[in-house]
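Colleague: What follows is a structure written as structure tokens; I'll ask about it next.
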Amino acid sequence: MTGDATENVTESVTGDVTGDATGDERALLPVATPARTRAAVRELLAGHRGLALAGFGTVAAATAVGLLTQPLLGRIVDLVADGRGAGALTQPVLLLAVVAVVQGLATALGLSLVSRLGETLLAELRERFVAHALRLPLGRVERAGAGDLTSRVTGDIVIVAQAVRNALPELARSLLAIVLTLAALAVLDWRLLVAALLAVPIQAHTARWYLRRAVPLYAEQRVAVGAQQQQMLDTIGGAGTVRAFRLDERHLERVAERSGAAVRVTLRGVRLVLRFYARLHLAEYVGLAAVLVAGFLLVRQGSVTIGTATAAALYFHSLFTPVNAALALMDDAQSAGAGLARLVGVADLPPDEPDPDRAAEGPGTAGGVTVTGLDFAYQRGRPVLRGVDLALEPGERVALVGASGAGKTTLARLIAGIHRPTSGEINVAGPVGLVSQEVHVFAGPLAEDLLLARPDADPERLRAALRHVGALDWAEALPDGLDTVVGEGGHRLTATQAQQLALARLVLADPPVAVLDEATAEAGSAGARELERAAERALDGRTALVVAHRLTQARAADRIVVLDGGRVVESGSHDELCALGGRYAELWETWSRTRLAAPDPH
């Protein structure tokens with residue numbers, strides 16, 4: 001439903017535009033620029049500066065305490081070199097134990113604060129993403145395809161979450177360790193620091209070399225994975241059609257092609273990482289060799305003690321882990337950055353605002369719908385609707401009929417507000433409720449599923465809505481009644497029960513205008529009559545547009561509108577159109593013969 005209640009608005013368009021927005025023609029959702037992604041991170045951090053300062057400050061203090069280890073070890077070396085007794089070693093050994101305990105406690109506290117910060121930011125990012133995704137223009141989502149949005153909701157959020165939980169705390173520790181260790185080297189002797197810095201040009205060149213290749217590579221990888229998921233969804237979701245038209249081989253080739261593209265991009269990333277580490281090992285060798293040579297020369301000159309030279313070598317050796325971790329975490333950071341850019345790209349999309357061509361009518365025409373000069377095309381140059389004029393009087397029930405591809409579902413979705421017209425105007429007095437044949441049952445208690453349409457409804461109102469559409473008996477017969485968990489992982493509802501649930505939500509939302517897009521088509525003969533009666537009760541007192549799958553629905557309507565080739569070709573009552581002998585009369589005759597050949601058991 002649109003307006004106050006939304007029912008199944010992100011499902012793919014069926015019948016009218018099959019194949020118009022699939023495959024390579026999909027307009028993927030946008031990806032934020034690096035500058036915008038960084039700005040989004042700053043916005044998230046803005047409300048948590050205190051926690052960030054406390055967390056990183058504690059980690060810095062723990063790292064600084066840990067840097068006392070190397071001078072204490074150097075002191076022990078000097079004491080041994082001077083031939084001092086075992087008693088002289090007691091103090092530095094005890095101090096080493098104190099350093100280890102203090103560093104461990106401070107590190108645990110600091111990482112806990114940093115993790116809390118990361119989880120808080122991640123929760124806010126998820127909430128912001130979901131909130132924006134739910135307000136996206138629905139036509140925009142459909143053009144992008146379910147795979148693109150699904151890969152962002154699942155894969156990208158998982159990658160960002162892993163980076164926040166694992167990479168962020170470790171990266172903070174590593175960067176602080178690098179800075180403070182270099183400062184400690186300078187305190188020992190500035191010449192030892194200069195020797196250690198000989199590794200920096202190699203590391204800096206390696207980092208620049210990696211970043212130039214990693215940023216576009218990981219962005220390409222996320223797009224490839226999204227395309228792969230979309231192709232799999234298209235193939236699996238349309239498996240019946242694929243088999244019916246013997247398109248198995250073609251779709252398998254497409255799946256293999258998209259999967260192969262994703263694998264090739266991944267392997268390129270693996271090769272890039274291997275070359276990255278090889279260059280880092282070279283930097284380690286150069287730096288450590290330089291520090292050892294410098295220490296040897298300074299000791300020989302008497303400028304430093306053996307213990308000081310030992311401490312310097314230990315300092316540089318201790319840099320291996322944080323430097324390699326920081327540079328290696330760039331791999332996670334680039335992957336997470338690519339995923340974050342895709343999330344921010346969706347979060348920055350403007351919400352679905354009222355259509356300027358969808359004006360509200362005055363109070364005197366409450367429930368009325370007027371469509372004037374409506375044109376619509378999913379793709380430029382391929383119109384689906386042409387010059388449609390249609391008026392629904394308040395309380396009138398209009399059936400929309402026509403052959404597959406005539407534009408019925410498209411017109412229904414335009415009136416429901418899912419798409420915006422290419423040209424023309426749609427005037428609707430009040431919110432519109434939409435129920436389609438593809439109903440989603442939300443995971444959770446049945447009562448909560450109903451409360452989505454009317455959050456303030458009490459249990460008695462929920463039962464009244466179910467009773468109104470003939471669903472109360474089976475709902476109360478569930479194991480836990482209205483508290484029974486349904487949907488994914490819960491009690492499985494039949495197609496008829498799921499449609500009755502959707503109709504009950506319509507009753508609870510109580511919009512003045514309702515659109516039923518072949519809402520009884522999926523129930524099969526066994527539940528069709530029952531659903532038709534439920535739909536009639538749900539539509540009582542509303543202006544209704546019914547996309548009729550069964551012409552018995554059309555016959556019962558106040559008026560029938562016939563679409564053919566995207567145009568309104570006939571309009572009138574069942575008897576009038578049958579007497580006219582036009583397109584509707586042909587459809588009715590064909591449908592009647594089909595029923596005689598295979599009579600409905602009901």
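Convention: chains lettered A, B, ... in structure tokens order; per-chain residue numbering from 1; ligands numbered from 1 as shown.
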Show which residues sit within 10 Å of A:Ala548, as a list in words. Count only C-alpha atoms, and ignore same-chain residues fewer than 3 positions away.
Modeller: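 Listing them by chain and then by number gives Val398, Ala399, Leu400, Val401, Gly402, Lys408, Leu516, Asp517, Glu518, Ala519, Thr520, Ala521, Leu545, Leu551, Thr552, Gln553, Ala554, Arg555, Ala557 and Ile560 of chain A.
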Colleague: Based on the selection just made, write C-alpha atoms of those residues as an mmCIF file, in the first residue's frame.
Modeller:
data_model
loop_
_atom_site.group_PDB
_atom_site.id
_atom_site.type_symbol
_atom_site.label_atom_id
_atom_site.label_comp_id
_atom_site.auth_asym_id
_atom_site.auth_seq_id
_atom_site.Cartn_x
_atom_site.Cartn_y
_atom_site.Cartn_z
ATOM 1 C CA VAL A 398 -13.845 -0.465 -11.473
ATOM 2 C CA ALA A 399 -12.408 -3.651 -12.985
ATOM 3 C CA LEU A 400 -9.367 -3.343 -15.228
ATOM 4 C CA VAL A 401 -9.119 -6.085 -17.846
ATOM 5 C CA GLY A 402 -7.002 -6.782 -20.891
ATOM 6 C CA LYS A 408 -2.979 -3.212 -16.402
ATOM 7 C CA LEU A 516 -6.161 -4.927 -6.071
ATOM 8 C CA ASP A 517 -3.597 -6.112 -8.578
ATOM 9 C CA GLU A 518 -4.820 -9.646 -9.401
ATOM 10 C CA ALA A 519 -4.897 -10.279 -5.663
ATOM 11 C CA THR A 520 -6.749 -13.590 -6.034
ATOM 12 C CA ALA A 521 -4.702 -14.959 -8.941
ATOM 13 C CA LEU A 545 -9.579 -0.445 -8.958
ATOM 14 C CA LEU A 551 -13.635 -12.177 -15.372
ATOM 15 C CA THR A 552 -16.191 -13.061 -12.688
ATOM 16 C CA GLN A 553 -14.587 -10.223 -10.728
ATOM 17 C CA ALA A 554 -15.056 -7.910 -13.709
ATOM 18 C CA ARG A 555 -18.699 -8.902 -14.129
ATOM 19 C CA ALA A 557 -17.789 -4.520 -10.806
ATOM 20 C CA ILE A 560 -15.206 -2.380 -16.595
#
Colleague: For A:Ser335, please output as a VMD selection string all residues within 9 Å (counting only C-alpha atoms; exclusion window: fewer than 2 positions along the same chain).
Modeller: chain A and resid 156 159 to 160 163 214 to 215 218 to 219 221 to 222 330 to 333 337 to 340
Colleague: Would you work out the distance separating atom CA of A:Glu257 from atom CA of A:Met232, expressed in Å to one decimal?
Modeller: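 Rounded to one decimal, the two atoms are 11.2 Å apart.
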Colleague: Using only C-alpha atoms, which residues sit within 9 Å of A:His468 once same-chain residues fewer than 3 positions away are excluded, as a PyMOL selection string?
Modeller: chain A and resi 463-465+471-472+504+507+534+537-538
Colleague: When you look at A:Leu79 with a cut-off of 12 Å (counting only C-alpha atoms), what residues show up, excluding the ones that are within fewer than 3 positions of it in the same chain? I need them as a list in words.
Modeller: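 Here the answer would be Leu72, Leu73, Gly74, Arg75, Ile76, Asp82, Gly83, Arg84, Gly85, Ala86, Gly87, Ala88, Leu89, Thr90, Gln91, Pro92, Val93, Thr305, Ile306, Gly307 and Thr308 of chain A.
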Colleague: Rank A:Asp449, A:Asp483, A:Asp234, A:Glu396 by their smallest atom-to-atom distance to A:Leu501, using only C-alpha atoms, and report the top residue only.
Modeller: A:Asp449
Colleague: Select, from A:Val568, A:Ala347, A:Leu446, A:Ala341, the residue with the minimum atom-to-atom distance to A:Asp389, counting only C-alpha atoms.
Modeller: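 Using only C-alpha atoms, the shortest distance to A:Asp389 belongs to A:Val568.
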Colleague: Tell me, as a PyMOL selection string, which residues lie within 9 Å of stretch 381-385 of chain A, counting only C-alpha atoms; anything in the same chain fewer than 2 positions away does not count.
Modeller: chain A and resi 16-17+374-379+387-388+405-407+410-411+565-567
Colleague: How would you write, as a VMD selection string, the set of residues in stretch 341-502 of chain A that DSSP gives as strand (DSSP E or B)?
Modeller: chain A and resid 369 to 379 382 to 392 397 to 401 423 to 428 432 to 436 444 to 445 485 to 486 491
Colleague: Can I get the selection written as a PDB file, in the first residue's frame, with C-alpha atoms?
Modeller:
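Result file is selection-v9.pdb:
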ATOM      1  CA  VAL A 369      -9.460   9.171  -8.664  1.00  0.00           C
ATOM      2  CA  THR A 370      -8.842  11.053 -11.894  1.00  0.00           C
ATOM      3  CA  VAL A 371      -6.243  10.148 -14.522  1.00  0.00           C
ATOM      4  CA  THR A 372      -5.689  12.629 -17.330  1.00  0.00           C
ATOM      5  CA  GLY A 373      -3.500  12.270 -20.430  1.00  0.00           C
ATOM      6  CA  LEU A 374      -1.326   9.629 -18.776  1.00  0.00           C
ATOM      7  CA  ASP A 375       1.752   8.356 -20.592  1.00  0.00           C
ATOM      8  CA  PHE A 376       4.326   6.040 -19.066  1.00  0.00           C
ATOM      9  CA  ALA A 377       7.460   4.224 -20.229  1.00  0.00           C
ATOM     10  CA  TYR A 378       9.926   2.146 -18.245  1.00  0.00           C
ATOM     11  CA  GLN A 379      12.488   2.938 -20.900  1.00  0.00           C
ATOM     12  CA  ARG A 382       9.206   2.123 -25.325  1.00  0.00           C
ATOM     13  CA  PRO A 383       5.848   3.412 -24.018  1.00  0.00           C
ATOM     14  CA  VAL A 384       3.683   1.109 -21.922  1.00  0.00           C
ATOM     15  CA  LEU A 385       0.715   3.464 -21.486  1.00  0.00           C
ATOM     16  CA  ARG A 386      -0.440   6.091 -23.988  1.00  0.00           C
ATOM     17  CA  GLY A 387      -2.932   8.880 -23.411  1.00  0.00           C
ATOM     18  CA  VAL A 388      -4.899   7.158 -20.653  1.00  0.00           C
ATOM     19  CA  ASP A 389      -7.909   9.053 -19.304  1.00  0.00           C
ATOM     20  CA  LEU A 390      -9.792   7.453 -16.433  1.00  0.00           C
ATOM     21  CA  ALA A 391     -12.077   8.640 -13.641  1.00  0.00           C
ATOM     22  CA  LEU A 392     -13.252   6.662 -10.608  1.00  0.00           C
ATOM     23  CA  ARG A 397     -15.585  -0.291  -8.080  1.00  0.00           C
ATOM     24  CA  VAL A 398     -13.845  -0.465 -11.473  1.00  0.00           C
ATOM     25  CA  ALA A 399     -12.408  -3.651 -12.985  1.00  0.00           C
ATOM     26  CA  LEU A 400      -9.367  -3.343 -15.228  1.00  0.00           C
ATOM     27  CA  VAL A 401      -9.119  -6.085 -17.846  1.00  0.00           C
ATOM     28  CA  SER A 423       3.514  12.739 -18.635  1.00  0.00           C
ATOM     29  CA  GLY A 424      -0.027  13.470 -17.610  1.00  0.00           C
ATOM     30  CA  GLU A 425      -1.617  13.811 -14.204  1.00  0.00           C
ATOM     31  CA  ILE A 426      -3.045  11.543 -11.520  1.00  0.00           C
ATOM     32  CA  ASN A 427      -5.366  13.049  -8.898  1.00  0.00           C
ATOM     33  CA  VAL A 428      -6.116  10.853  -5.876  1.00  0.00           C
ATOM     34  CA  VAL A 432      -4.138   4.409  -1.631  1.00  0.00           C
ATOM     35  CA  GLY A 433      -3.930   0.794  -0.442  1.00  0.00           C
ATOM     36  CA  LEU A 434      -2.366  -1.731  -2.815  1.00  0.00           C
ATOM     37  CA  VAL A 435      -2.682  -5.515  -2.544  1.00  0.00           C
ATOM     38  CA  SER A 436      -0.964  -7.563  -5.234  1.00  0.00           C
ATOM     39  CA  GLY A 444       7.094 -12.758  13.515  1.00  0.00           C
ATOM     40  CA  PRO A 445       3.828 -13.157  15.398  1.00  0.00           C
ATOM     41  CA  VAL A 485       5.066 -16.931  14.556  1.00  0.00           C
ATOM     42  CA  VAL A 486       4.520 -16.888  10.797  1.00  0.00           C
ATOM     43  CA  HIS A 491       4.232 -21.398  10.588  1.00  0.00           C
TER      44      HIS A 491
END
Colleague: Just how far from atom CA of A:Leu67 is atom CA of A:Thr181, in Å to one decimal?
Modeller: 6.8 Å
Colleague: So what do you get for atom CA of A:Arg173 versus atom CA of A:Thr33, distance-wise?
Modeller: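 Straight-line distance from atom CA of A:Arg173 to atom CA of A:Thr33 works out to 27.7 Å.
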Colleague: Given the choices A:Thr484, A:Thr37, A:Thr496, A:Asn166, which gets closest to A:Leu125 if the distance is worked out from only C-alpha atoms?
Modeller: A:Thr37
